[in-house]
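**Q** Got a structure for you, written out below as structure tokens; questions coming shortly.
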Amino acid sequence: MQIMSSAAAAPNIALVKYWGKRDDLRKLPINDSVSITLDERELCSTTTLVLGGKIKHDIFILNGKRGPDAHISEALMLIRKRLGKKYPLIRKPVLLISQNNFPTAAGIASSASGFAALAQAVAGAFGIVDKREISILARLGSGSASRSVFGGYARWRMGKRADGEDSFAVQISPRAHWPELVDVIVISDVEKKKVSSKAGMERTLKTSELCHCRQEHIGEAVEDVTRAIRKKDFEALAFSTMRDSNAMHATMLDSWPPIIYMNDVSREVVAAIHAYNERAGSLRAAYTFDAGPNAHIITKRKEAGKIVRLLQKIKGVKKIIVSGVGDGPKQIKTPKKTELLVERILGKQDLGDMILGDC
Ligand code: DP6
């Protein structure tokens with residue numbers, strides 16, 4: 001039997017962040033985190049999974065290029081271990097085709113959207129509808145992907161169990177509850193990060209004293225942001241978001257050797273947002289930075305134009321993308337181009353390094 005399942009998912013931006021694991025392989029975090037799922041019409045990964053095709057090995061086509069990918073292989077190994085008994089087809093070699101509608105080198109994390117789309121495609125193939133299960137499947141690929149399984153606003157509960165069965169995301173509110181928020185993404189560097197999230201988290205947890213201090217207060221930040229979302233209290237959300245981003249980057253700097261993701265442009269953006277809020281007399285915008293120098297400015301849509309014009313003036317800003325809040329992953333009809341590609345690959349597997357183009 002051959003099954004083809006396609007899904008699309010968007011990245012998310014964390015307001016209270018995940019930086020540190022209690023279990024590396026299962027990706028179990030040391031704290032809860034809270035995020036906004038972005039709009040899949042702006043930023044999206046589309047993944048097609050073919051199960052039961054007559055192939056000898058797993059084949060991955062990522063953004064039009066065939067390649068081995070250790071991160072995906074590890075995720076598939078964990079997914080197979082989890083589902084293999086109930087769904088033996090997953091144990092057979094798979095063909096996976098994944099494409100981002102935003103450049104991978106745009107400095108926007110694609111692992112959250114990529115693994116959320118993969119989890120949704122696996123779920124679609126076997127008729128799994130339990131969101132908790134889909135969130136765990138996504139988490140096995142990348143911790144932050146567990147949150148992208150929901151639209152709107154999500155909270156990843158760290159859980160306590162060693163097997164990770166209680167570590168999954170839940171939705172705080174759907175998009176419709178607070179659709180006015182946007183993420184203004186300010187790109188100043190498109191290079192791949194020098195220290196991966198995985199290596200960075202390990203180093204921070206091992207060497208930073210400050211990391212333990214952040215852990216003491218993070219529960220409060222998670223509750224504050226969750227409450228701010230429920231009450232649509234932008235100022236409370238902005239305050240905790242900026243404080244937690246600063247706290248996380250402080251623990252990175254406190255690691256040994258130090259990890260520095262923010263650059264001069266990031267620091268100018270921070271100053272510009274503080275000045276903007278000062279002029280307004282209230283918190284109208286909040287910055288947050290993931291493991292990279294590109295700023296994410298959370299604000300209301302009506303402020304976005306002014307913020308974009310302000311930040312465009314900063315030297316070194318290469319591109320600005322504005323994304324609203326999204327609805328979460330969707331099972332989709334496999335695009336025609338991908339279907340044709342699947343036929344070609346299943347018919348002739350010796351593709352060498354050929355560029356496979358858009359799919
Ligand atoms: C700074 O989810 O990419 O963006 O679980 O090792 O794949 P792995 O890490 P990943 O880390 C995300 C870190 C962050 C904060 C966040 O999104 O919560």
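Each chain of the structure tokens is named A, B, ... in the order shown, its residues numbered from 1; ligands are numbered from 1 in display order.
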Check every protein, DNA and RNA residue against ligand 1, keep those with an atom at most 6 Å away (counting only C-alpha atoms and all ligand atoms), and present them as a list in words.
**A** Ala14, Lys17, Tyr18, Trp19, Lys27, Ser142, Gly143, Ser144, Ser197, Lys198, Asp290 and Ala291 of chain A
**Q** Output all heavy atoms of each residue in that selection to a file, as a JSON list (two decimals), in the first residue's frame.
**A**
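Written output follows (part25.json):
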```json
[["chain", "number", "residue", "atom", "x", "y", "z"],
["A", 14, "ALA", "N", 8.52, 32.76, 19.89],
["A", 14, "ALA", "CA", 8.31, 32.57, 21.33],
["A", 14, "ALA", "C", 8.37, 33.90, 22.06],
["A", 14, "ALA", "O", 9.24, 34.74, 21.79],
["A", 14, "ALA", "CB", 9.38, 31.63, 21.88],
["A", 17, "LYS", "N", 10.78, 32.04, 26.24],
["A", 17, "LYS", "CA", 11.52, 31.14, 25.37],
["A", 17, "LYS", "C", 12.03, 29.85, 26.03],
["A", 17, "LYS", "O", 12.23, 29.80, 27.24],
["A", 17, "LYS", "CB", 12.71, 31.90, 24.79],
["A", 17, "LYS", "CG", 12.22, 33.13, 24.03],
["A", 17, "LYS", "CD", 13.22, 33.63, 23.09],
["A", 17, "LYS", "CE", 12.82, 34.93, 22.46],
["A", 17, "LYS", "NZ", 12.05, 34.73, 21.22],
["A", 18, "TYR", "N", 12.25, 28.90, 25.16],
["A", 18, "TYR", "CA", 12.82, 27.58, 25.51],
["A", 18, "TYR", "C", 14.33, 27.66, 25.24],
["A", 18, "TYR", "O", 14.73, 27.94, 24.12],
["A", 18, "TYR", "CB", 12.10, 26.57, 24.63],
["A", 18, "TYR", "CG", 12.82, 25.36, 24.12],
["A", 18, "TYR", "CD1", 13.42, 24.44, 24.98],
["A", 18, "TYR", "CD2", 12.83, 25.09, 22.74],
["A", 18, "TYR", "CE1", 14.02, 23.29, 24.47],
["A", 18, "TYR", "CE2", 13.42, 23.95, 22.22],
["A", 18, "TYR", "CZ", 14.02, 23.05, 23.10],
["A", 18, "TYR", "OH", 14.61, 21.93, 22.59],
["A", 19, "TRP", "N", 15.12, 27.51, 26.25],
["A", 19, "TRP", "CA", 16.58, 27.50, 26.02],
["A", 19, "TRP", "C", 17.20, 26.58, 27.07],
["A", 19, "TRP", "O", 17.61, 27.03, 28.15],
["A", 19, "TRP", "CB", 17.18, 28.90, 26.08],
["A", 19, "TRP", "CG", 18.59, 28.94, 25.52],
["A", 19, "TRP", "CD1", 19.76, 29.07, 26.22],
["A", 19, "TRP", "CD2", 18.96, 28.83, 24.14],
["A", 19, "TRP", "NE1", 20.83, 29.03, 25.38],
["A", 19, "TRP", "CE2", 20.38, 28.89, 24.09],
["A", 19, "TRP", "CE3", 18.26, 28.65, 22.94],
["A", 19, "TRP", "CZ2", 21.09, 28.79, 22.89],
["A", 19, "TRP", "CZ3", 18.96, 28.57, 21.75],
["A", 19, "TRP", "CH2", 20.36, 28.65, 21.75],
["A", 27, "LYS", "N", 14.03, 15.88, 23.45],
["A", 27, "LYS", "CA", 13.79, 17.33, 23.43],
["A", 27, "LYS", "C", 12.76, 17.73, 24.50],
["A", 27, "LYS", "O", 11.69, 18.27, 24.21],
["A", 27, "LYS", "CB", 13.39, 17.80, 22.04],
["A", 27, "LYS", "CG", 14.54, 17.51, 21.08],
["A", 27, "LYS", "CD", 14.25, 17.79, 19.66],
["A", 27, "LYS", "CE", 15.33, 17.22, 18.79],
["A", 27, "LYS", "NZ", 15.35, 15.76, 18.68],
["A", 142, "SER", "N", 11.86, 18.95, 16.64],
["A", 142, "SER", "CA", 12.43, 20.19, 17.17],
["A", 142, "SER", "C", 11.50, 20.68, 18.27],
["A", 142, "SER", "O", 10.28, 20.74, 18.05],
["A", 142, "SER", "CB", 12.49, 21.22, 16.04],
["A", 142, "SER", "OG", 13.45, 22.20, 16.32],
["A", 143, "GLY", "N", 12.08, 21.03, 19.42],
["A", 143, "GLY", "CA", 11.25, 21.41, 20.56],
["A", 143, "GLY", "C", 10.23, 22.47, 20.22],
["A", 143, "GLY", "O", 9.03, 22.34, 20.51],
["A", 144, "SER", "N", 10.71, 23.56, 19.56],
["A", 144, "SER", "CA", 9.80, 24.68, 19.29],
["A", 144, "SER", "C", 8.68, 24.29, 18.32],
["A", 144, "SER", "O", 7.64, 24.95, 18.28],
["A", 144, "SER", "CB", 10.59, 25.86, 18.74],
["A", 144, "SER", "OG", 11.34, 25.46, 17.63],
["A", 197, "SER", "N", 21.12, 25.73, 17.93],
["A", 197, "SER", "CA", 20.32, 25.80, 19.16],
["A", 197, "SER", "C", 20.71, 24.65, 20.08],
["A", 197, "SER", "O", 20.86, 24.84, 21.29],
["A", 197, "SER", "CB", 18.83, 25.69, 18.85],
["A", 197, "SER", "OG", 18.41, 26.75, 18.07],
["A", 198, "LYS", "N", 20.88, 23.48, 19.49],
["A", 198, "LYS", "CA", 21.18, 22.29, 20.30],
["A", 198, "LYS", "C", 22.49, 22.48, 21.08],
["A", 198, "LYS", "O", 22.54, 22.34, 22.30],
["A", 198, "LYS", "CB", 21.30, 21.10, 19.34],
["A", 198, "LYS", "CG", 21.57, 19.77, 19.98],
["A", 198, "LYS", "CD", 21.58, 18.73, 18.87],
["A", 198, "LYS", "CE", 22.06, 17.36, 19.19],
["A", 198, "LYS", "NZ", 22.59, 17.02, 20.44],
["A", 290, "ASP", "N", 15.37, 35.35, 18.77],
["A", 290, "ASP", "CA", 15.64, 33.92, 18.95],
["A", 290, "ASP", "C", 17.15, 33.71, 18.92],
["A", 290, "ASP", "O", 17.89, 34.63, 19.22],
["A", 290, "ASP", "CB", 14.93, 33.11, 17.87],
["A", 290, "ASP", "CG", 13.46, 32.89, 18.22],
["A", 290, "ASP", "OD1", 13.09, 33.07, 19.39],
["A", 290, "ASP", "OD2", 12.69, 32.52, 17.32],
["A", 291, "ALA", "N", 17.59, 32.54, 18.52],
["A", 291, "ALA", "CA", 19.02, 32.28, 18.48],
["A", 291, "ALA", "C", 19.62, 32.87, 17.21],
["A", 291, "ALA", "O", 20.11, 32.15, 16.33],
["A", 291, "ALA", "CB", 19.27, 30.78, 18.57]]
```
**Q** So which residues touch range 308-313 of chain A within 10 Å, counting only C-alpha atoms, skipping near sequence neighbours fewer than 2 positions away, as a tab-separated table (two decimals) with C-alpha atoms, in the first residue's frame?
**A**
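Output below, filename out_21.tsv:
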```tsv
chain	number	residue	atom	x	y	z
A	184	VAL	CA	7.59	42.61	12.17
A	185	ILE	CA	10.67	40.55	11.32
A	186	VAL	CA	13.78	42.67	10.83
A	265	VAL	CA	21.80	46.11	14.19
A	268	GLU	CA	20.02	49.51	17.43
A	269	VAL	CA	16.60	47.94	17.00
A	272	ALA	CA	14.74	52.28	18.59
A	273	ILE	CA	11.87	50.31	20.14
A	276	TYR	CA	9.40	54.57	20.21
A	297	ILE	CA	8.85	43.13	16.83
A	303	GLU	CA	1.33	50.38	14.49
A	304	ALA	CA	3.15	48.15	11.98
A	305	GLY	CA	3.56	50.73	9.20
A	306	LYS	CA	5.19	53.25	11.56
A	315	LYS	CA	21.84	50.87	8.51
A	316	GLY	CA	22.35	47.15	7.99
A	317	VAL	CA	18.66	46.20	7.88
A	318	LYS	CA	18.36	44.02	4.77
A	319	LYS	CA	14.70	43.09	4.71
A	320	ILE	CA	11.53	43.45	6.75
A	321	ILE	CA	8.69	40.91	6.67
A	322	VAL	CA	5.37	41.49	8.44
```
**Q** Would you work out the distance separating CA of Ile259 in chain A from CA of His296 in chain A, expressed in Å to one decimal?
**A** 19.4 Å
**Q** Taking the backbone alone, and naming residues the way the document does, which bits of range 24-95 of chain A are strand (DSSP E or B) by DSSP, as a ChimeraX atom specification?
**A** /A:28-29,33-38,45-51,59-62,65-66,94-95
**Q** Now that the selection is made, can you save its residues with N, CA and C atoms as a PDB file, in the first residue's frame?
**A**
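Okay, this is what ended up in part.pdb:
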```
ATOM      1  N   LEU A  28      13.146  17.450  25.725  1.00  0.00           N
ATOM      2  CA  LEU A  28      12.310  17.820  26.867  1.00  0.00           C
ATOM      3  C   LEU A  28      12.926  19.058  27.512  1.00  0.00           C
ATOM      4  N   PRO A  29      12.152  20.125  27.644  1.00  0.00           N
ATOM      5  CA  PRO A  29      12.713  21.412  28.067  1.00  0.00           C
ATOM      6  C   PRO A  29      12.778  21.568  29.587  1.00  0.00           C
ATOM      7  N   SER A  33       7.102  27.263  27.695  1.00  0.00           N
ATOM      8  CA  SER A  33       7.322  28.425  26.827  1.00  0.00           C
ATOM      9  C   SER A  33       5.994  28.791  26.154  1.00  0.00           C
ATOM     10  N   VAL A  34       5.928  30.034  25.687  1.00  0.00           N
ATOM     11  CA  VAL A  34       4.679  30.559  25.106  1.00  0.00           C
ATOM     12  C   VAL A  34       4.998  31.214  23.767  1.00  0.00           C
ATOM     13  N   SER A  35       4.144  31.000  22.773  1.00  0.00           N
ATOM     14  CA  SER A  35       4.452  31.578  21.458  1.00  0.00           C
ATOM     15  C   SER A  35       3.213  31.995  20.680  1.00  0.00           C
ATOM     16  N   ILE A  36       3.500  32.738  19.613  1.00  0.00           N
ATOM     17  CA  ILE A  36       2.474  33.105  18.625  1.00  0.00           C
ATOM     18  C   ILE A  36       2.811  32.342  17.352  1.00  0.00           C
ATOM     19  N   THR A  37       1.836  31.641  16.811  1.00  0.00           N
ATOM     20  CA  THR A  37       2.056  30.971  15.527  1.00  0.00           C
ATOM     21  C   THR A  37       1.826  31.995  14.422  1.00  0.00           C
ATOM     22  N   LEU A  38       2.767  32.060  13.486  1.00  0.00           N
ATOM     23  CA  LEU A  38       2.683  33.084  12.443  1.00  0.00           C
ATOM     24  C   LEU A  38       1.730  32.651  11.329  1.00  0.00           C
ATOM     25  N   SER A  45       6.016  26.111   5.694  1.00  0.00           N
ATOM     26  CA  SER A  45       6.711  24.930   5.170  1.00  0.00           C
ATOM     27  C   SER A  45       5.643  23.960   4.697  1.00  0.00           C
ATOM     28  N   THR A  46       5.860  23.397   3.517  1.00  0.00           N
ATOM     29  CA  THR A  46       4.932  22.409   2.965  1.00  0.00           C
ATOM     30  C   THR A  46       5.680  21.092   2.850  1.00  0.00           C
ATOM     31  N   THR A  47       5.116  20.049   3.440  1.00  0.00           N
ATOM     32  CA  THR A  47       5.815  18.757   3.450  1.00  0.00           C
ATOM     33  C   THR A  47       4.917  17.659   2.890  1.00  0.00           C
ATOM     34  N   THR A  48       5.487  16.885   1.990  1.00  0.00           N
ATOM     35  CA  THR A  48       4.774  15.723   1.453  1.00  0.00           C
ATOM     36  C   THR A  48       5.532  14.471   1.871  1.00  0.00           C
ATOM     37  N   LEU A  49       4.779  13.518   2.387  1.00  0.00           N
ATOM     38  CA  LEU A  49       5.381  12.273   2.851  1.00  0.00           C
ATOM     39  C   LEU A  49       4.773  11.142   2.034  1.00  0.00           C
ATOM     40  N   VAL A  50       5.647  10.314   1.449  1.00  0.00           N
ATOM     41  CA  VAL A  50       5.149   9.151   0.709  1.00  0.00           C
ATOM     42  C   VAL A  50       5.593   7.911   1.461  1.00  0.00           C
ATOM     43  N   LEU A  51       4.616   7.113   1.872  1.00  0.00           N
ATOM     44  CA  LEU A  51       4.895   5.901   2.634  1.00  0.00           C
ATOM     45  C   LEU A  51       4.578   4.696   1.754  1.00  0.00           C
ATOM     46  N   ILE A  59      14.425   8.937   1.262  1.00  0.00           N
ATOM     47  CA  ILE A  59      14.887   9.990   0.342  1.00  0.00           C
ATOM     48  C   ILE A  59      14.293  11.316   0.822  1.00  0.00           C
ATOM     49  N   PHE A  60      15.152  12.309   1.014  1.00  0.00           N
ATOM     50  CA  PHE A  60      14.687  13.642   1.424  1.00  0.00           C
ATOM     51  C   PHE A  60      14.991  14.645   0.321  1.00  0.00           C
ATOM     52  N   ILE A  61      13.989  15.404  -0.069  1.00  0.00           N
ATOM     53  CA  ILE A  61      14.202  16.512  -1.020  1.00  0.00           C
ATOM     54  C   ILE A  61      13.816  17.790  -0.263  1.00  0.00           C
ATOM     55  N   LEU A  62      14.824  18.576   0.046  1.00  0.00           N
ATOM     56  CA  LEU A  62      14.574  19.771   0.848  1.00  0.00           C
ATOM     57  C   LEU A  62      14.846  21.007   0.011  1.00  0.00           C
ATOM     58  N   LYS A  65      16.434  20.225  -3.322  1.00  0.00           N
ATOM     59  CA  LYS A  65      17.724  19.534  -3.398  1.00  0.00           C
ATOM     60  C   LYS A  65      17.661  18.238  -2.630  1.00  0.00           C
ATOM     61  N   ARG A  66      18.203  17.192  -3.235  1.00  0.00           N
ATOM     62  CA  ARG A  66      18.250  15.929  -2.526  1.00  0.00           C
ATOM     63  C   ARG A  66      19.414  15.955  -1.550  1.00  0.00           C
ATOM     64  N   VAL A  94      10.868   6.040   3.497  1.00  0.00           N
ATOM     65  CA  VAL A  94       9.913   7.077   3.097  1.00  0.00           C
ATOM     66  C   VAL A  94      10.557   8.042   2.109  1.00  0.00           C
ATOM     67  N   LEU A  95       9.687   8.674   1.331  1.00  0.00           N
ATOM     68  CA  LEU A  95      10.123   9.793   0.495  1.00  0.00           C
ATOM     69  C   LEU A  95       9.518  11.049   1.126  1.00  0.00           C
TER      70      LEU A  95
END
```
**Q** Report as a tab-separated table: every residue of range 236-302 of chain A with an atom at most 7 Å from range 175-181 of chain A, its closest pair of atoms, and their distance in Å to one decimal, counting only C-alpha atoms, with rows sorted by chain and ascending residue number.
**A**
```
residue	atom	partner	partner_atom	distance
A:Ile298	CA	A:Leu181	CA	6.8
A:Thr299	CA	A:Leu181	CA	5.6
A:Lys300	CA	A:Leu181	CA	4.5
A:Arg301	CA	A:Glu180	CA	5.5
```
**Q** Using Å and a single decimal, report how far CA of Ile314 in chain A sits from CA of His249 in chain A.
**A** 21.6 Å
**Q** Return the single residue from A:Asp58, A:Glu216, A:Glu40, A:Glu278 that is closest to Gly114 in chain A, with distances computed using only C-alpha atoms.
**A**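 Nearest candidate to Gly114 in chain A out of A:Asp58, A:Glu216, A:Glu40, A:Glu278: A:Glu40.
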**Q** With a distance cut-off of 9 Å and only C-alpha atoms, select the neighbouring residues of Phe234 in chain A, excluding the residue or stretch itself and same-chain residues fewer than 5 positions from it, and output the selection as an MDAnalysis selection string.
**A** chainID A and resid 228:229 239 283:285 299:300
**Q** Using only C-alpha atoms, please write the residues we just selected to a file, as a PDB file, in the first residue's frame.
**A**
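Final file, again06.pdb:
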```pdb
ATOM      1  CA  ALA A 228      -1.826  38.932  29.075  1.00  0.00           C
ATOM      2  CA  ILE A 229      -2.925  36.912  26.023  1.00  0.00           C
ATOM      3  CA  PHE A 239       6.938  43.975  29.090  1.00  0.00           C
ATOM      4  CA  LEU A 283       4.458  50.073  25.454  1.00  0.00           C
ATOM      5  CA  ARG A 284       3.277  49.875  21.831  1.00  0.00           C
ATOM      6  CA  ALA A 285       5.903  47.439  20.530  1.00  0.00           C
ATOM      7  CA  THR A 299       2.991  45.038  17.836  1.00  0.00           C
ATOM      8  CA  LYS A 300      -0.594  45.773  16.792  1.00  0.00           C
TER       9      LYS A 300
END
```
**Q** With only C-alpha atoms as the basis for distance, which of A:Ala280, A:Ala250, A:Val129, A:Ala221 is at the shortest distance from Met262 in chain A?
**A**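 Using only C-alpha atoms, Met262 in chain A sits closest to A:Ala250.
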**Q** So the first atom is CA of Cys213 in chain A and the second is CA of Tyr261 in chain A; what is the distance between them in Å, to one decimal place?
**A**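 It comes out at 20.4 Å.
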**Q** Find, counting only C-alpha atoms, the residue in A:Ile307, A:Val325, A:Leu346, A:Leu118 that gets nearest to Ser98 in chain A.
**A** A:Leu118
**Q** Got a sec: who's within 8 Å of Ala138 in chain A, counting only C-alpha atoms, leaving out chain neighbours fewer than 5 positions off, as a VMD selection string?
**A** chain A and resid 115 to 116 118 to 119 143 145 to 146 149
**Q** For the residues in the current selection, export N, CA and C atoms as a CSV table (one decimal), in the first residue's frame.
**A**
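And here's selection_26.csv as it stands now:
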```
chain,number,residue,atom,x,y,z
A,115,PHE,N,9.1,20.8,11.1
A,115,PHE,CA,8.8,19.6,11.8
A,115,PHE,C,7.3,19.6,12.2
A,116,ALA,N,6.7,20.7,12.3
A,116,ALA,CA,5.2,20.8,12.5
A,116,ALA,C,4.5,20.2,11.3
A,118,LEU,N,5.8,18.2,9.1
A,118,LEU,CA,6.1,16.7,9.0
A,118,LEU,C,5.1,15.9,10.0
A,119,ALA,N,5.0,16.4,11.2
A,119,ALA,CA,4.1,15.8,12.2
A,119,ALA,C,2.7,15.7,11.7
A,143,GLY,N,12.1,21.0,19.4
A,143,GLY,CA,11.2,21.4,20.6
A,143,GLY,C,10.2,22.5,20.2
A,145,ALA,N,8.9,23.2,17.5
A,145,ALA,CA,7.8,22.8,16.6
A,145,ALA,C,6.6,22.3,17.3
A,146,SER,N,6.7,21.9,18.6
A,146,SER,CA,5.6,21.4,19.3
A,146,SER,C,4.5,22.5,19.4
A,149,VAL,N,2.0,23.4,16.2
A,149,VAL,CA,0.9,22.5,15.9
A,149,VAL,C,-0.4,23.2,16.1
```
**Q** List as number ranges by chain the protein and nucleic acid residues near Asp327 in chain A, meaning an atom at most 7 Å away when only C-alpha atoms are counted, but skip any in the same chain fewer than 5 places from it.
**A** A: 39, 151-152, 175
**Q** Restricting it to all heavy atoms, dump the selection as an mmCIF file, in the first residue's frame.
**A**
```cif
data_model
loop_
_atom_site.group_PDB
_atom_site.id
_atom_site.type_symbol
_atom_site.label_atom_id
_atom_site.label_comp_id
_atom_site.auth_asym_id
_atom_site.auth_seq_id
_atom_site.Cartn_x
_atom_site.Cartn_y
_atom_site.Cartn_z
ATOM 1 N N ASP A 39 1.501 33.578 10.419
ATOM 2 C CA ASP A 39 0.501 33.356 9.365
ATOM 3 C C ASP A 39 1.101 32.497 8.254
ATOM 4 O O ASP A 39 2.087 32.899 7.611
ATOM 5 C CB ASP A 39 0.075 34.724 8.821
ATOM 6 C CG ASP A 39 -1.136 34.621 7.906
ATOM 7 O OD1 ASP A 39 -1.396 33.510 7.384
ATOM 8 O OD2 ASP A 39 -1.814 35.640 7.720
ATOM 9 N N GLY A 151 -2.674 26.929 15.953
ATOM 10 C CA GLY A 151 -2.748 28.300 15.466
ATOM 11 C C GLY A 151 -2.876 29.218 16.679
ATOM 12 O O GLY A 151 -2.996 28.763 17.821
ATOM 13 N N GLY A 152 -2.846 30.510 16.434
ATOM 14 C CA GLY A 152 -3.054 31.473 17.511
ATOM 15 C C GLY A 152 -1.912 31.481 18.502
ATOM 16 O O GLY A 152 -0.739 31.614 18.121
ATOM 17 N N ARG A 175 -6.466 32.184 16.952
ATOM 18 C CA ARG A 175 -6.149 33.458 16.280
ATOM 19 C C ARG A 175 -7.266 34.485 16.442
ATOM 20 O O ARG A 175 -7.025 35.665 16.718
ATOM 21 C CB ARG A 175 -5.932 33.168 14.788
ATOM 22 C CG ARG A 175 -5.387 34.318 13.998
ATOM 23 C CD ARG A 175 -5.519 34.069 12.501
ATOM 24 N NE ARG A 175 -6.793 34.583 12.024
ATOM 25 C CZ ARG A 175 -6.983 35.826 11.588
ATOM 26 N NH1 ARG A 175 -5.977 36.649 11.507
ATOM 27 N NH2 ARG A 175 -8.170 36.232 11.206
#
```
